[in-house]
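Novice: I have a structure I would like to understand better, so I am pasting it below and will then ask my questions one at a time.
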Amino acid sequence: MQTQQTDRLPLTDCRFCSVVSQANGEDPIGTAGTYDHWIIMEIPQPWPENIFEEHPRIKPLLGLFQELVVKHGVKLRPMLIAPDREYSHPGFTRFLYYYRSTEMFSQFEKQEFVVPEEETTALVTAILKQLMQQPNDLSKFQQYQQQTNHIRELMVCTHAQVDLACGRFGTPLYRRLRKEYAPASNGKLRVWQTTHFGGHQFAPTLVDLPQGCLWGHLVPEVLDLLVLRNGSVSDLRQFYRGWAGLTKFEQIAEREIWMELGWSWLDYLKAGEVLAKEEVHEEDRASWADVRIHFAAIDGSISGTYEARVEVNGEVMSTLNSAKEMKLEAVKQYCVSRLVKVD
């Protein structure tokens, strides 16, 4: 395998990282991140780049977030959403909490609250303390809980202050989804603008909750398929970043299984494990990994296990940030060289 030289190049025709990534054929699979919990809160725009460190309702929570992630090893993704003229309530803050309830699962469980603005920090504190199994007063917020488990949430990153590509490409995609698809859903779909959740080189990028699938390099032509699931899953292959319930190499294998089994795969309970991989300093840069994916139907009528070998099959030049001058780096690309159903 040849490695291309990493260099600093002026790209006069492009200042967006996602254009470079897509033009060079970077595959987004395996970049979804792995999360057991999503903490999502309404905060009005504009969102400065360091809003989590600067906003008065969020700043007091940083210590708890750090304790959860660093000390307790909790896989947590905080995000902010912009209030919506139709969905939101003046003087109140919406708070969405998604969580993995069992080892094998198909989608995240959800709790939603709409609380007075002055209670926002207290509610998040209570949830974070519950996660650490510490005394908390979460029960006092039950009066604000919403029954919205029937609603699917599509969240599009438009956080231009973190990277220009998310504003340039995320905003029109958000507007189309919000204008065309949400009103046609009979109240079963909401579409939100969000802060950065990783991977702006794949803008426009989207989180589909409660499923927990992430998407990137999206184009308007595939929105029908993504939202309505009315065609072949193979047409979504190149846009799939992975399922947040699995780790990087498990995500790469999971896409191949999904391509074989079709839409029904998304409803199966799933769990993954890495059996072995190349020993390297940075684990996610390994050249190969052997993984196992367990699955079962919710009613128990079907179950099984796949094993896969994931390995490097080349490199492309890409960049992580938009700028007038971009630093290009060689990014490993992976394929599934072996996939077998073992039971």
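Residue numbering restarts at 1 for every chain of the structure tokens, chains are lettered A, B, ... in their displayed order, and ligands are numbered from 1 as they appear.
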What are the closest atom pairs, with distances in Å to one decimal, for all residues of range 198-310 of chain A lying within 12 Å of range 130-151 of chain A? Consider only C-alpha atoms, order rows by chain and residue number, and present the result as a Markdown table.
Specialist:
| residue | atom | partner | partner_atom | distance |
| --- | --- | --- | --- | --- |
| A:Asp208 | CA | A:Ile151 | CA | 11.1 |
| A:Leu209 | CA | A:Ile151 | CA | 9.0 |
| A:Pro210 | CA | A:Ile151 | CA | 8.6 |
| A:Gln211 | CA | A:Ile151 | CA | 11.3 |
Novice: Step one, run DSSP on the backbone; step two, keep only residues of range 132-291 of chain A assigned to strand (DSSP E); then write them as a VMD selection string.
Specialist: chain A and resid 145 to 146 152 to 157 189 to 194 206 to 209 213 to 215 240 to 243 269 to 277 288 to 291
Novice: Quick one: pull the distance between CA of Glu153 in chain A and CA of Val227 in chain A, Å, one decimal.
Specialist: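 Value for the CA of Glu153 in chain A-CA of Val227 in chain A distance: 10.6 Å.
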Novice: One decimal, Å: what's the distance from CA of Leu189 in chain A over to CA of Val114 in chain A, could you say?
Specialist: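 One can read the CA of Leu189 in chain A to CA of Val114 in chain A distance as 17.7 Å.
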Novice: Out of range 190-272 of chain A, which residues get helix (DSSP H, G or I) from DSSP, as a VMD selection string?
Specialist: chain A and resid 200 to 202 220 to 228 233 to 239 248 to 261 263 to 267
Novice: How many Å separate CA of Leu228 in chain A from CA of Gly245 in chain A?
Specialist: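 Between CA of Leu228 in chain A and CA of Gly245 in chain A the gap works out to 22.2 Å.
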Novice: Write out as a list in words which residues come within 12 Å of Asp235 in chain A when counting only C-alpha atoms, dropping same-chain ones fewer than 5 positions away.
Specialist: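 The residues that qualify are Leu218, Val219, Glu221, Val222, Leu223, Asp224, Leu225, Leu226, Arg229, Asn230, Tyr240, Trp258, Met259 and Gly262 of chain A.
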Novice: Grab the residues selected above and save them as a CSV table (one decimal), in the first residue's frame with N, CA, C and O atoms.
Specialist:
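Result saved to result_22.csv:
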chain,number,residue,atom,x,y,z
A,218,LEU,N,-24.3,14.2,2.9
A,218,LEU,CA,-25.6,14.0,2.4
A,218,LEU,C,-26.0,14.9,1.3
A,218,LEU,O,-25.5,16.1,1.2
A,219,VAL,N,-26.8,14.4,0.4
A,219,VAL,CA,-27.3,15.2,-0.8
A,219,VAL,C,-28.8,15.1,-0.8
A,219,VAL,O,-29.4,14.2,-0.3
A,221,GLU,N,-30.9,14.4,-3.0
A,221,GLU,CA,-31.5,13.2,-3.7
A,221,GLU,C,-31.7,12.0,-2.9
A,221,GLU,O,-32.5,11.1,-3.3
A,222,VAL,N,-31.0,11.9,-1.7
A,222,VAL,CA,-31.2,10.7,-0.9
A,222,VAL,C,-32.1,10.9,0.3
A,222,VAL,O,-32.3,10.0,1.1
A,223,LEU,N,-32.7,12.1,0.5
A,223,LEU,CA,-33.5,12.4,1.7
A,223,LEU,C,-34.7,11.6,1.7
A,223,LEU,O,-35.1,11.1,2.8
A,224,ASP,N,-35.4,11.3,0.6
A,224,ASP,CA,-36.6,10.5,0.6
A,224,ASP,C,-36.2,9.1,1.1
A,224,ASP,O,-37.0,8.5,1.9
A,225,LEU,N,-35.1,8.5,0.7
A,225,LEU,CA,-34.7,7.2,1.1
A,225,LEU,C,-34.4,7.2,2.6
A,225,LEU,O,-34.7,6.3,3.3
A,226,LEU,N,-33.7,8.2,3.0
A,226,LEU,CA,-33.2,8.3,4.4
A,226,LEU,C,-34.4,8.4,5.3
A,226,LEU,O,-34.5,7.8,6.4
A,229,ARG,N,-37.5,5.6,4.0
A,229,ARG,CA,-37.0,4.2,3.9
A,229,ARG,C,-37.8,3.4,2.8
A,229,ARG,O,-38.3,2.3,3.1
A,230,ASN,N,-37.8,4.0,1.6
A,230,ASN,CA,-38.7,3.5,0.6
A,230,ASN,C,-38.0,3.0,-0.6
A,230,ASN,O,-38.5,3.0,-1.7
A,240,TYR,N,-23.3,6.6,5.1
A,240,TYR,CA,-23.5,6.1,6.4
A,240,TYR,C,-22.2,6.2,7.2
A,240,TYR,O,-21.2,5.7,6.9
A,258,TRP,N,-25.9,-4.8,7.2
A,258,TRP,CA,-27.1,-4.0,6.9
A,258,TRP,C,-27.3,-4.1,5.4
A,258,TRP,O,-28.5,-4.2,4.9
A,259,MET,N,-26.2,-4.0,4.6
A,259,MET,CA,-26.4,-4.0,3.2
A,259,MET,C,-26.9,-5.4,2.7
A,259,MET,O,-27.6,-5.5,1.7
A,262,GLY,N,-30.9,-5.6,4.6
A,262,GLY,CA,-31.9,-4.5,4.3
A,262,GLY,C,-32.4,-3.8,5.5
A,262,GLY,O,-31.9,-3.9,6.6
Novice: With only C-alpha atoms as the counted atoms, please give the residues lying no more than 8 Å from range 97-109 of chain A, apart from itself and same-chain residues fewer than 4 positions off, as an mmCIF file with C-alpha atoms, in the first residue's frame.
Specialist:
data_model
loop_
_atom_site.group_PDB
_atom_site.id
_atom_site.type_symbol
_atom_site.label_atom_id
_atom_site.label_comp_id
_atom_site.auth_asym_id
_atom_site.auth_seq_id
_atom_site.Cartn_x
_atom_site.Cartn_y
_atom_site.Cartn_z
ATOM 1 C CA ASP A 36 -24.375 5.341 25.647
ATOM 2 C CA HIS A 37 -25.939 8.702 26.536
ATOM 3 C CA TRP A 38 -27.000 11.844 24.645
ATOM 4 C CA ILE A 39 -27.655 15.066 26.591
ATOM 5 C CA ILE A 40 -29.426 17.536 24.262
ATOM 6 C CA LEU A 209 -32.583 9.576 16.931
ATOM 7 C CA PRO A 210 -33.732 7.431 18.685
ATOM 8 C CA GLN A 211 -32.094 5.040 16.185
ATOM 9 C CA GLY A 212 -28.638 6.497 16.751
ATOM 10 C CA LEU A 266 -32.272 -1.637 11.895
ATOM 11 C CA ASP A 267 -34.982 -3.166 14.099
ATOM 12 C CA TYR A 268 -32.822 -6.003 15.441
ATOM 13 C CA LEU A 269 -31.257 -5.793 18.883
ATOM 14 C CA LYS A 270 -27.473 -5.585 18.381
ATOM 15 C CA ALA A 271 -24.200 -5.682 20.285
ATOM 16 C CA PHE A 295 -28.223 -9.708 16.802
#
Novice: With only C-alpha atoms as the basis for distance, which of A:His200, A:Arg176, A:Lys277, A:Arg85 is at the shortest distance from Val162 in chain A?
Specialist: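 Looking only at the distances to Val162 in chain A, the closest residue turns out to be A:His200.
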Novice: Using only C-alpha atoms, which of A:Gln66, A:Glu329, A:Gly187, A:Glu42 sits nearest Pro116 in chain A?
Specialist: A:Glu42
Novice: Tell me which protein, DNA and RNA residues are within 6 Å of Ala330 in chain A, counting only C-alpha atoms, leaving out same-chain ones fewer than 4 positions away, and put them as a ChimeraX atom specification.
Specialist: /A:315-317
Novice: Could you write those residues out with N, CA and C atoms, as a compact mmCIF listing (two decimals), in the first residue's frame?
Specialist:
# COMPACT_ATOMS: atom_id res chain seq x y z
N GLU A 315 -5.64 4.53 1.26
CA GLU A 315 -5.66 5.82 1.96
C GLU A 315 -6.15 6.89 0.99
N VAL A 316 -6.77 7.93 1.55
CA VAL A 316 -7.11 9.11 0.76
C VAL A 316 -6.60 10.33 1.51
N MET A 317 -6.41 11.41 0.77
CA MET A 317 -6.02 12.67 1.40
C MET A 317 -7.28 13.42 1.80
Novice: Measuring atom to atom with only C-alpha atoms, identify which of A:Ser234, A:Asn24, A:Thr205, A:Gln251 is nearest to Val156 in chain A.
Specialist: A:Thr205
Novice: Give me, as JSON lines, each residue of range 199-257 of chain A that comes within 12 Å of range 285-293 of chain A, together with its shortest interatomic pair and the distance in Å at one decimal, counting only C-alpha atoms, with rows ordered by chain and rising residue number.
Specialist:
{"residue": "A:Gly245", "atom": "CA", "partner": "A:Ile293", "partner_atom": "CA", "distance": 11.4}
{"residue": "A:Leu246", "atom": "CA", "partner": "A:Ile293", "partner_atom": "CA", "distance": 9.2}
{"residue": "A:Thr247", "atom": "CA", "partner": "A:Val291", "partner_atom": "CA", "distance": 10.1}
{"residue": "A:Lys248", "atom": "CA", "partner": "A:Arg285", "partner_atom": "CA", "distance": 10.0}
{"residue": "A:Phe249", "atom": "CA", "partner": "A:Ala289", "partner_atom": "CA", "distance": 6.8}
{"residue": "A:Glu250", "atom": "CA", "partner": "A:Val291", "partner_atom": "CA", "distance": 6.1}
{"residue": "A:Gln251", "atom": "CA", "partner": "A:Ile293", "partner_atom": "CA", "distance": 9.5}
{"residue": "A:Ile252", "atom": "CA", "partner": "A:Val291", "partner_atom": "CA", "distance": 9.6}
{"residue": "A:Ala253", "atom": "CA", "partner": "A:Val291", "partner_atom": "CA", "distance": 7.5}
{"residue": "A:Glu254", "atom": "CA", "partner": "A:Ile293", "partner_atom": "CA", "distance": 7.3}
{"residue": "A:Arg255", "atom": "CA", "partner": "A:Ile293", "partner_atom": "CA", "distance": 11.0}
{"residue": "A:Glu256", "atom": "CA", "partner": "A:Ile293", "partner_atom": "CA", "distance": 11.1}
{"residue": "A:Ile257", "atom": "CA", "partner": "A:Ile293", "partner_atom": "CA", "distance": 9.2}
Novice: Select, from A:Arg57, A:Lys179, A:Trp265, A:Thr93, the residue with the minimum atom-to-atom distance to Thr121 in chain A, counting only C-alpha atoms.
Specialist: A:Arg57
Novice: So that I can see what lies close to Val207 in chain A, please list as a PDB file with C-alpha atoms, in the first residue's frame the residues with an atom at most 9 Å from it, counting only C-alpha atoms and leaving out residues fewer than 5 positions away in the same chain.
Specialist:
ATOM      1  CA  GLU A 153     -35.734  13.480  15.741  1.00  0.00           C
ATOM      2  CA  LEU A 154     -33.436  14.400  12.833  1.00  0.00           C
ATOM      3  CA  MET A 155     -30.609  16.658  13.986  1.00  0.00           C
ATOM      4  CA  VAL A 156     -28.459  18.494  11.440  1.00  0.00           C
ATOM      5  CA  CYS A 157     -25.225  20.247  12.405  1.00  0.00           C
ATOM      6  CA  PHE A 197     -21.145  16.531  17.097  1.00  0.00           C
ATOM      7  CA  GLY A 212     -28.638   6.497  16.751  1.00  0.00           C
ATOM      8  CA  CYS A 213     -27.455   6.313  13.132  1.00  0.00           C
ATOM      9  CA  LEU A 214     -25.146   9.067  11.852  1.00  0.00           C
ATOM     10  CA  TRP A 215     -24.915  10.263   8.264  1.00  0.00           C
TER      11      TRP A 215
END
Novice: Can you list, as a compact mmCIF listing (two decimals) with C-alpha atoms, in the first residue's frame, every protein, DNA or RNA residue that comes within 9 Å of Ser322 in chain A when you count only C-alpha atoms, leaving out same-chain residues fewer than 5 positions away?
Specialist:
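The file below, selection20.txt, is the result:
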# COMPACT_ATOMS: atom_id res chain seq x y z
CA CYS A 14 -12.09 25.34 -2.10
CA ARG A 15 -12.22 26.41 1.54
CA PHE A 16 -14.55 23.66 2.79
CA CYS A 17 -13.17 20.47 4.32
CA SER A 18 -16.21 18.42 3.32
CA ASP A 163 -16.49 24.88 10.96
CA LEU A 164 -17.72 26.81 7.92
CA ALA A 165 -18.74 23.62 6.10
CA HIS A 200 -17.46 18.32 9.94
CA GLN A 201 -15.36 17.01 7.03
Novice: From the set A:Phe52, A:Tyr306, A:Tyr181, A:Phe113, which residue has the shortest atom-to-atom contact distance to His196 in chain A, counting only C-alpha atoms?
Specialist: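 Smallest distance to His196 in chain A is found for A:Phe52.
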